[in-house]
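**Student:** Dropping a structure here in structure tokens format, bear with me for questions.
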Protein chains: 2
Amino acid sequence: MEENKHVTIYDIAERLNLATSTISRALKDHHTISDKTIKKVKKTAEEMGFVPNTLAAGLRGNKTKTIGVLIPTVTQPFLSSLISGIEITAQKSDYTVIIMQSHDSYEEEVNMAKSLYSNRVSGVICSLAMETRDTAHFHQFSNNNIPLVFVDRVPKDYNTFRVVIDNYTAGYKATKHLIEQGCIRIAHITAGSELGNLYNERKRGYIEALKDHNVDIDEKLIINLNSVTYEDGVKASNALFDLDPIPDGLFAPGDILAVSAVQTAKKRGIKVPEEFKVIGFNNDPISQIIDPNLSTITHPAEKMGKAAAEIIIKNLKSSKNDDAKEITFLNTEVLARESTQK
Amino acid sequence: MEENKHVTIYDIAERLNLATSTISRALKDHHTISDKTIKKVKKTAEEMGFVPNTLAAGLRGNKTKTIGVLIPTVTQPFLSSLISGIEITAQKSDYTVIIMQSHDSYEEEVNMAKSLYSNRVSGVICSLAMETRDTAHFHQFSNNNIPLVFVDRVPKDYNTFRVVIDNYTAGYKATKHLIEQGCIRIAHITAGSELGNLYNERKRGYIEALKDHNVDIDEKLIINLNSVTYEDGVKASNALFDLDPIPDGLFAPGDILAVSAVQTAKKRGIKVPEEFKVIGFNNDPISQIIDPNLSTITHPAEKMGKAAAEIIIKNLKSSKNDDAKEITFLNTEVLARESTQK
DNA sequence: TATTTTTACGCAACCGATTGCATTTGTTGT
DNA sequence: ACAACAAATGCAATCGGTTGCGTAAAAATA
């Protein structure tokens, strides 16, 4: 059992008969160190298998080159793509990413925020838990000048960076697309949520599009859900199909819901898209698997991740206390596929 | 701009006129500290908004209560479920999880392993990158007594913990299922990979099942891929459908491949399962979305994650140098759905 | 050659929590 | 009332890089 103690700069210093400060600077190509020494140090460090202790550096400098990511779950395609984007950008600037899942629980979110703070992350990227109504647990970051970026599910009353899509416009576009495909009784599924007002926004877009195109707004066609699981979607769809007449279109604010509607329709012998057209949201992988292929709204997950990480890194570099916490809007598009074909 | 400096145990000590050692111990319910003091300290800590600095503790104790996870990507359903399992277990014991993606690149894997080591993770859970042929970059963990668990895509010649399924048996079961459903010309798609020999194992199971049931082994029905993307699957399927006669069954070692085969079949007017039965692998979400629903082999991702994390934590607690690095096998099952119905 | 400037490196404090050991306070026994 | 012992707390070193400041050596200038 080789119990190699970690190699430190002290070990290198001793071997080369230099001061630790010299080693430290040499490893960072500090200009006051001669090229000869730098080469010598680096070579020796390599030979001895030196790996810097991030903790020590972080403790001393009170910064860690770590970005904390706090999201509901990693298993949703949108969120795992978001992570992917964050990670790609972070890695380019040599940042490490810590990922924590709130599982949409407020309590867990509070704990994990504390844990991230405890780990002295340099910046935080967060998509709020469904349950979250209060954002006080993020003050610890704001107050200590730790850049904080909310993504997608963002609080509306918090002065910090936000990376989002324009949910209103996206909802409008989706609904307009259905209208253009000939729908006149368009249903909508929505979900209640105080802080993450994205469903409300999508609904607003839906309503406005109906108004603008003189399509009747029928409250019976709007179903309100507490969560957006497949099962909820099935229930909502069945409720819609129990109506007489059934709606001829549906704007579902998520592909899972849309897929559940398509499958429920098929089960009940309702033809998609002939009798019932559906447009989803997110462009999840399943949207291309289902038959008929699902029309949907693109949700630029990876781009959003990259944008969020870039904001953090840029902010960390400039270290100016930019009070301007801008909101970044990314584009969405209608992806017309089979499920809304005329 | 409130520039709150972080509250430390020194601040608490000063306020209460106690030594930092007392504070530190009080916060951990050390038995040598009186209940009165403990309560007082905890209350004050709470009031002052104290959050322990993980870095300082980690530096001092040379342990961080952090588990490093090094996987190809977070966007695959299997891997994101794996993470989920790891996270759930880790959280129960108050461990933090750092996730890094190798993107199936050997070079990135080497770098990130170094980064994890640099961050002094307490343990490491890894699923190897496709490219990886050499595991020397994991010695730094083994040599320093940092528990290392490989999951799913594991090296065969490395004496450390491994959590896997029995790919051979799974492949055997899948193939046997097709035979039982009446298939006699069963195709198979496989992928080359030195270290992660799981495709080879699945193929072995396929071959053995054919032999055991006196079904002809036809090399033309075995397609070898370099990667397992949807596009590759389409190519492979088309190659199979170009044969005359076409195979009547396919064991695809991944649901993406299986789905691509089903869709390709449908496009070419081949009826699934009547003319062509397919069984996949993993039980990804898409397997329940596709029409017909895909028969598949369960792959207990979350369980594997939990098991891996438990091994790490258990090992860290006992701190015995267990030389017995056991291999944990988890069960798989055939999930018979529509795509293999008689 | 003496003096100023530049270059290269060393010294030591520092970050914040932990912990072995020393010390003080409190309690029990006689 | 005093030794003997237990309980509660303090002291100070430690983990490993980082960095401001000081200084010796080398190079440039007078």
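Ligands are numbered from 1 in the order shown, chains are lettered A, B, ... in the order of the structure tokens, and residues start at 1 in each chain.
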Write out as number ranges by chain every residue belonging to chain D that has an atom at most 9 Å from any atom of chain B, counting only C-alpha atoms (C1' of nucleotides).
**Tutor:** D: 7-11, 14-16
**Student:** Tell me the residues of chain C close to chain B, meaning within 10 Å using only C-alpha atoms (C1' of nucleotides), as an NGL selection string.
**Tutor:** :C and (15-19)
**Student:** Can I get the selected residues back with C-alpha atoms (C1' of nucleotides), as a PDB file, in the first residue's frame?
**Tutor:**
ATOM      1  C1'  DC C  15      -7.072  32.564   5.113  1.00  0.00           C
ATOM      2  C1'  DG C  16     -10.585  29.705   8.894  1.00  0.00           C
ATOM      3  C1'  DA C  17     -11.540  25.570  11.054  1.00  0.00           C
ATOM      4  C1'  DT C  18      -9.560  21.646  13.676  1.00  0.00           C
ATOM      5  C1'  DT C  19      -7.343  19.206  17.471  1.00  0.00           C
TER       6       DT C  19
END
**Student:** At a cut-off of 6 Å, which residues of chain A touch chain B? Count only C-alpha atoms and give the answer as a PyMOL selection string.
**Tutor:** chain A and resi 2-4+51-55+59+74-75+80+98+118-119+143-144+286+289-290
**Student:** Running DSSP on the backbone, which parts of region 185-330 of chain B land in strand (DSSP E or B), as a short mmCIF file (atom, residue, chain, number, x, y, z; two decimals) with all heavy atoms, in the first residue's frame?
**Tutor:**
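Output file result-v2.cif follows:
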data_model
loop_
_atom_site.label_atom_id
_atom_site.label_comp_id
_atom_site.auth_asym_id
_atom_site.auth_seq_id
_atom_site.Cartn_x
_atom_site.Cartn_y
_atom_site.Cartn_z
N ILE B 186 -32.15 -13.34 -36.11
CA ILE B 186 -32.04 -12.23 -35.16
C ILE B 186 -30.77 -11.43 -35.40
O ILE B 186 -29.65 -11.97 -35.35
CB ILE B 186 -32.05 -12.75 -33.72
CG1 ILE B 186 -33.37 -13.51 -33.48
CG2 ILE B 186 -31.87 -11.62 -32.72
CD1 ILE B 186 -33.47 -14.15 -32.13
N ALA B 187 -30.95 -10.17 -35.69
CA ALA B 187 -29.81 -9.29 -35.93
C ALA B 187 -29.32 -8.69 -34.61
O ALA B 187 -30.01 -8.71 -33.59
CB ALA B 187 -30.21 -8.18 -36.90
N HIS B 188 -28.12 -8.16 -34.66
CA HIS B 188 -27.55 -7.52 -33.47
C HIS B 188 -26.65 -6.38 -33.91
O HIS B 188 -25.94 -6.47 -34.91
CB HIS B 188 -26.77 -8.54 -32.65
CG HIS B 188 -26.14 -7.96 -31.42
ND1 HIS B 188 -26.85 -7.25 -30.48
CD2 HIS B 188 -24.86 -8.00 -30.95
CE1 HIS B 188 -26.04 -6.87 -29.50
NE2 HIS B 188 -24.83 -7.31 -29.76
N ILE B 189 -26.74 -5.30 -33.15
CA ILE B 189 -25.83 -4.18 -33.40
C ILE B 189 -24.89 -4.14 -32.21
O ILE B 189 -25.30 -4.30 -31.06
CB ILE B 189 -26.60 -2.85 -33.49
CG1 ILE B 189 -27.60 -2.92 -34.66
CG2 ILE B 189 -25.66 -1.69 -33.68
CD1 ILE B 189 -28.49 -1.69 -34.77
N THR B 190 -23.63 -3.93 -32.48
CA THR B 190 -22.68 -3.87 -31.37
C THR B 190 -21.73 -2.70 -31.62
O THR B 190 -21.79 -2.06 -32.67
CB THR B 190 -21.92 -5.20 -31.22
OG1 THR B 190 -21.09 -5.16 -30.07
CG2 THR B 190 -21.08 -5.48 -32.46
N ALA B 191 -20.90 -2.43 -30.66
CA ALA B 191 -19.97 -1.32 -30.82
C ALA B 191 -18.62 -1.71 -30.23
O ALA B 191 -18.56 -2.41 -29.22
CB ALA B 191 -20.50 -0.07 -30.14
N ILE B 222 -24.86 -9.17 -37.92
CA ILE B 222 -24.22 -8.46 -36.80
C ILE B 222 -23.51 -7.23 -37.34
O ILE B 222 -22.61 -7.33 -38.18
CB ILE B 222 -23.21 -9.38 -36.09
CG1 ILE B 222 -23.94 -10.63 -35.57
CG2 ILE B 222 -22.53 -8.63 -34.96
CD1 ILE B 222 -23.03 -11.64 -34.91
N ILE B 223 -23.96 -6.08 -36.89
CA ILE B 223 -23.39 -4.84 -37.40
C ILE B 223 -22.54 -4.20 -36.32
O ILE B 223 -22.97 -4.07 -35.16
CB ILE B 223 -24.50 -3.84 -37.78
CG1 ILE B 223 -25.50 -4.55 -38.70
CG2 ILE B 223 -23.90 -2.58 -38.38
CD1 ILE B 223 -25.54 -4.07 -40.08
N ASN B 224 -21.35 -3.79 -36.71
CA ASN B 224 -20.44 -3.19 -35.75
C ASN B 224 -20.35 -1.68 -35.95
O ASN B 224 -20.05 -1.20 -37.04
CB ASN B 224 -19.05 -3.83 -35.91
CG ASN B 224 -18.27 -3.65 -34.64
OD1 ASN B 224 -18.65 -2.88 -33.77
ND2 ASN B 224 -17.15 -4.38 -34.53
N LEU B 225 -20.61 -0.95 -34.89
CA LEU B 225 -20.62 0.52 -34.97
C LEU B 225 -19.46 1.11 -34.17
O LEU B 225 -18.94 0.47 -33.25
CB LEU B 225 -21.93 1.02 -34.37
CG LEU B 225 -23.03 1.53 -35.28
CD1 LEU B 225 -23.13 0.69 -36.54
CD2 LEU B 225 -24.36 1.52 -34.54
N GLY B 249 -35.83 -10.09 -36.36
CA GLY B 249 -35.69 -9.59 -35.00
C GLY B 249 -34.38 -8.83 -34.84
O GLY B 249 -33.46 -8.97 -35.64
N LEU B 250 -34.35 -7.95 -33.85
CA LEU B 250 -33.12 -7.20 -33.59
C LEU B 250 -32.95 -7.00 -32.10
O LEU B 250 -33.88 -6.58 -31.40
CB LEU B 250 -33.19 -5.82 -34.27
CG LEU B 250 -32.11 -4.82 -33.84
CD1 LEU B 250 -30.71 -5.26 -34.29
CD2 LEU B 250 -32.42 -3.42 -34.40
N PHE B 251 -31.76 -7.33 -31.65
CA PHE B 251 -31.39 -6.97 -30.29
C PHE B 251 -30.42 -5.79 -30.40
O PHE B 251 -29.29 -5.94 -30.84
CB PHE B 251 -30.74 -8.15 -29.57
CG PHE B 251 -30.00 -7.76 -28.32
CD1 PHE B 251 -30.49 -6.79 -27.45
CD2 PHE B 251 -28.79 -8.39 -27.99
CE1 PHE B 251 -29.80 -6.43 -26.31
CE2 PHE B 251 -28.10 -8.03 -26.84
CZ PHE B 251 -28.60 -7.05 -26.00
N LYS B 277 -39.27 -7.70 -35.07
CA LYS B 277 -39.38 -7.42 -33.64
C LYS B 277 -38.07 -6.80 -33.14
O LYS B 277 -36.99 -7.14 -33.60
CB LYS B 277 -39.67 -8.70 -32.87
CG LYS B 277 -40.91 -9.44 -33.36
CD LYS B 277 -41.30 -10.52 -32.38
CE LYS B 277 -42.20 -11.57 -33.03
NZ LYS B 277 -43.30 -11.05 -33.85
N VAL B 278 -38.21 -5.91 -32.20
CA VAL B 278 -37.03 -5.20 -31.70
C VAL B 278 -37.05 -5.15 -30.18
O VAL B 278 -38.09 -4.89 -29.57
CB VAL B 278 -37.00 -3.74 -32.21
CG1 VAL B 278 -35.73 -3.04 -31.74
CG2 VAL B 278 -37.10 -3.69 -33.72
N ILE B 279 -35.89 -5.43 -29.62
CA ILE B 279 -35.74 -5.18 -28.19
C ILE B 279 -34.52 -4.27 -27.98
O ILE B 279 -33.50 -4.42 -28.65
CB ILE B 279 -35.59 -6.49 -27.38
CG1 ILE B 279 -35.55 -6.18 -25.89
CG2 ILE B 279 -34.34 -7.27 -27.80
CD1 ILE B 279 -35.81 -7.37 -24.99
N ASN B 282 -31.90 -0.36 -21.76
CA ASN B 282 -31.81 0.80 -20.86
C ASN B 282 -33.14 1.26 -20.27
O ASN B 282 -33.16 1.88 -19.22
CB ASN B 282 -31.19 2.03 -21.54
CG ASN B 282 -29.70 1.94 -21.66
OD1 ASN B 282 -29.10 0.99 -21.16
ND2 ASN B 282 -29.08 2.91 -22.30
N SER B 295 -39.93 -2.90 -26.32
CA SER B 295 -39.44 -3.86 -25.33
C SER B 295 -37.98 -3.52 -25.05
O SER B 295 -37.26 -3.09 -25.95
CB SER B 295 -39.54 -5.29 -25.87
OG SER B 295 -40.88 -5.64 -26.08
N THR B 296 -37.58 -3.73 -23.84
CA THR B 296 -36.22 -3.29 -23.52
C THR B 296 -35.70 -4.04 -22.30
O THR B 296 -36.43 -4.84 -21.69
CB THR B 296 -36.19 -1.77 -23.31
OG1 THR B 296 -34.84 -1.31 -23.22
CG2 THR B 296 -36.93 -1.39 -22.02
N ILE B 297 -34.47 -3.79 -21.98
CA ILE B 297 -33.86 -4.38 -20.79
C ILE B 297 -33.70 -3.27 -19.76
O ILE B 297 -33.15 -2.21 -20.07
CB ILE B 297 -32.47 -4.96 -21.11
CG1 ILE B 297 -32.57 -6.01 -22.22
CG2 ILE B 297 -31.82 -5.53 -19.86
CD1 ILE B 297 -33.21 -7.30 -21.79
N THR B 298 -34.18 -3.50 -18.57
CA THR B 298 -34.04 -2.46 -17.54
C THR B 298 -32.58 -2.30 -17.14
O THR B 298 -31.81 -3.26 -17.13
CB THR B 298 -34.83 -2.84 -16.27
OG1 THR B 298 -34.34 -4.08 -15.77
CG2 THR B 298 -36.31 -2.95 -16.57
N ILE B 327 -17.01 -6.42 -6.63
CA ILE B 327 -17.82 -5.98 -7.77
C ILE B 327 -19.28 -6.19 -7.41
O ILE B 327 -19.68 -7.25 -6.97
CB ILE B 327 -17.49 -6.80 -9.02
CG1 ILE B 327 -15.99 -6.68 -9.34
CG2 ILE B 327 -18.31 -6.30 -10.20
CD1 ILE B 327 -15.61 -7.32 -10.65
N THR B 328 -20.06 -5.13 -7.57
CA THR B 328 -21.48 -5.23 -7.27
C THR B 328 -22.26 -5.43 -8.56
O THR B 328 -22.15 -4.61 -9.47
CB THR B 328 -21.96 -3.94 -6.58
OG1 THR B 328 -21.10 -3.66 -5.49
CG2 THR B 328 -23.39 -4.09 -6.10
N PHE B 329 -23.01 -6.50 -8.61
CA PHE B 329 -23.84 -6.74 -9.79
C PHE B 329 -25.28 -6.40 -9.47
O PHE B 329 -25.83 -6.88 -8.49
CB PHE B 329 -23.75 -8.21 -10.23
CG PHE B 329 -22.48 -8.54 -10.95
CD1 PHE B 329 -21.41 -9.09 -10.27
CD2 PHE B 329 -22.35 -8.30 -12.30
CE1 PHE B 329 -20.22 -9.40 -10.92
CE2 PHE B 329 -21.17 -8.61 -12.98
CZ PHE B 329 -20.11 -9.15 -12.29
N LEU B 330 -25.87 -5.60 -10.28
CA LEU B 330 -27.29 -5.31 -10.10
C LEU B 330 -28.10 -6.02 -11.17
O LEU B 330 -27.61 -6.32 -12.25
CB LEU B 330 -27.54 -3.80 -10.14
CG LEU B 330 -26.90 -3.02 -8.99
CD1 LEU B 330 -27.41 -1.60 -8.97
CD2 LEU B 330 -27.18 -3.69 -7.65
#
**Student:** If you run DSSP over the backbone, which residues in region 61-139 of chain A end up alpha helix (DSSP H)? Put them as number ranges by chain.
**Tutor:** A: 61, 77-92, 106-118, 139
**Student:** Quick one: residues within 7 Å of Lys42 (chain A), only C-alpha atoms (C1' of nucleotides), excluding same-chain residues fewer than 4 positions away - as a PyMOL selection string?
**Tutor:** chain A and resi 27+38+46
**Student:** Would you mind listing what lies within 12 Å of Ala136 (chain A) as a list of chain:residue names, with only C-alpha atoms (C1' of nucleotides) counted and same-chain residues fewer than 6 positions away left out?
**Tutor:** A:Tyr106, A:Glu109, A:Val110, A:Ala113, A:Lys114, A:Ser142, A:Asn143, A:Pro155, A:Asp157, A:Tyr158
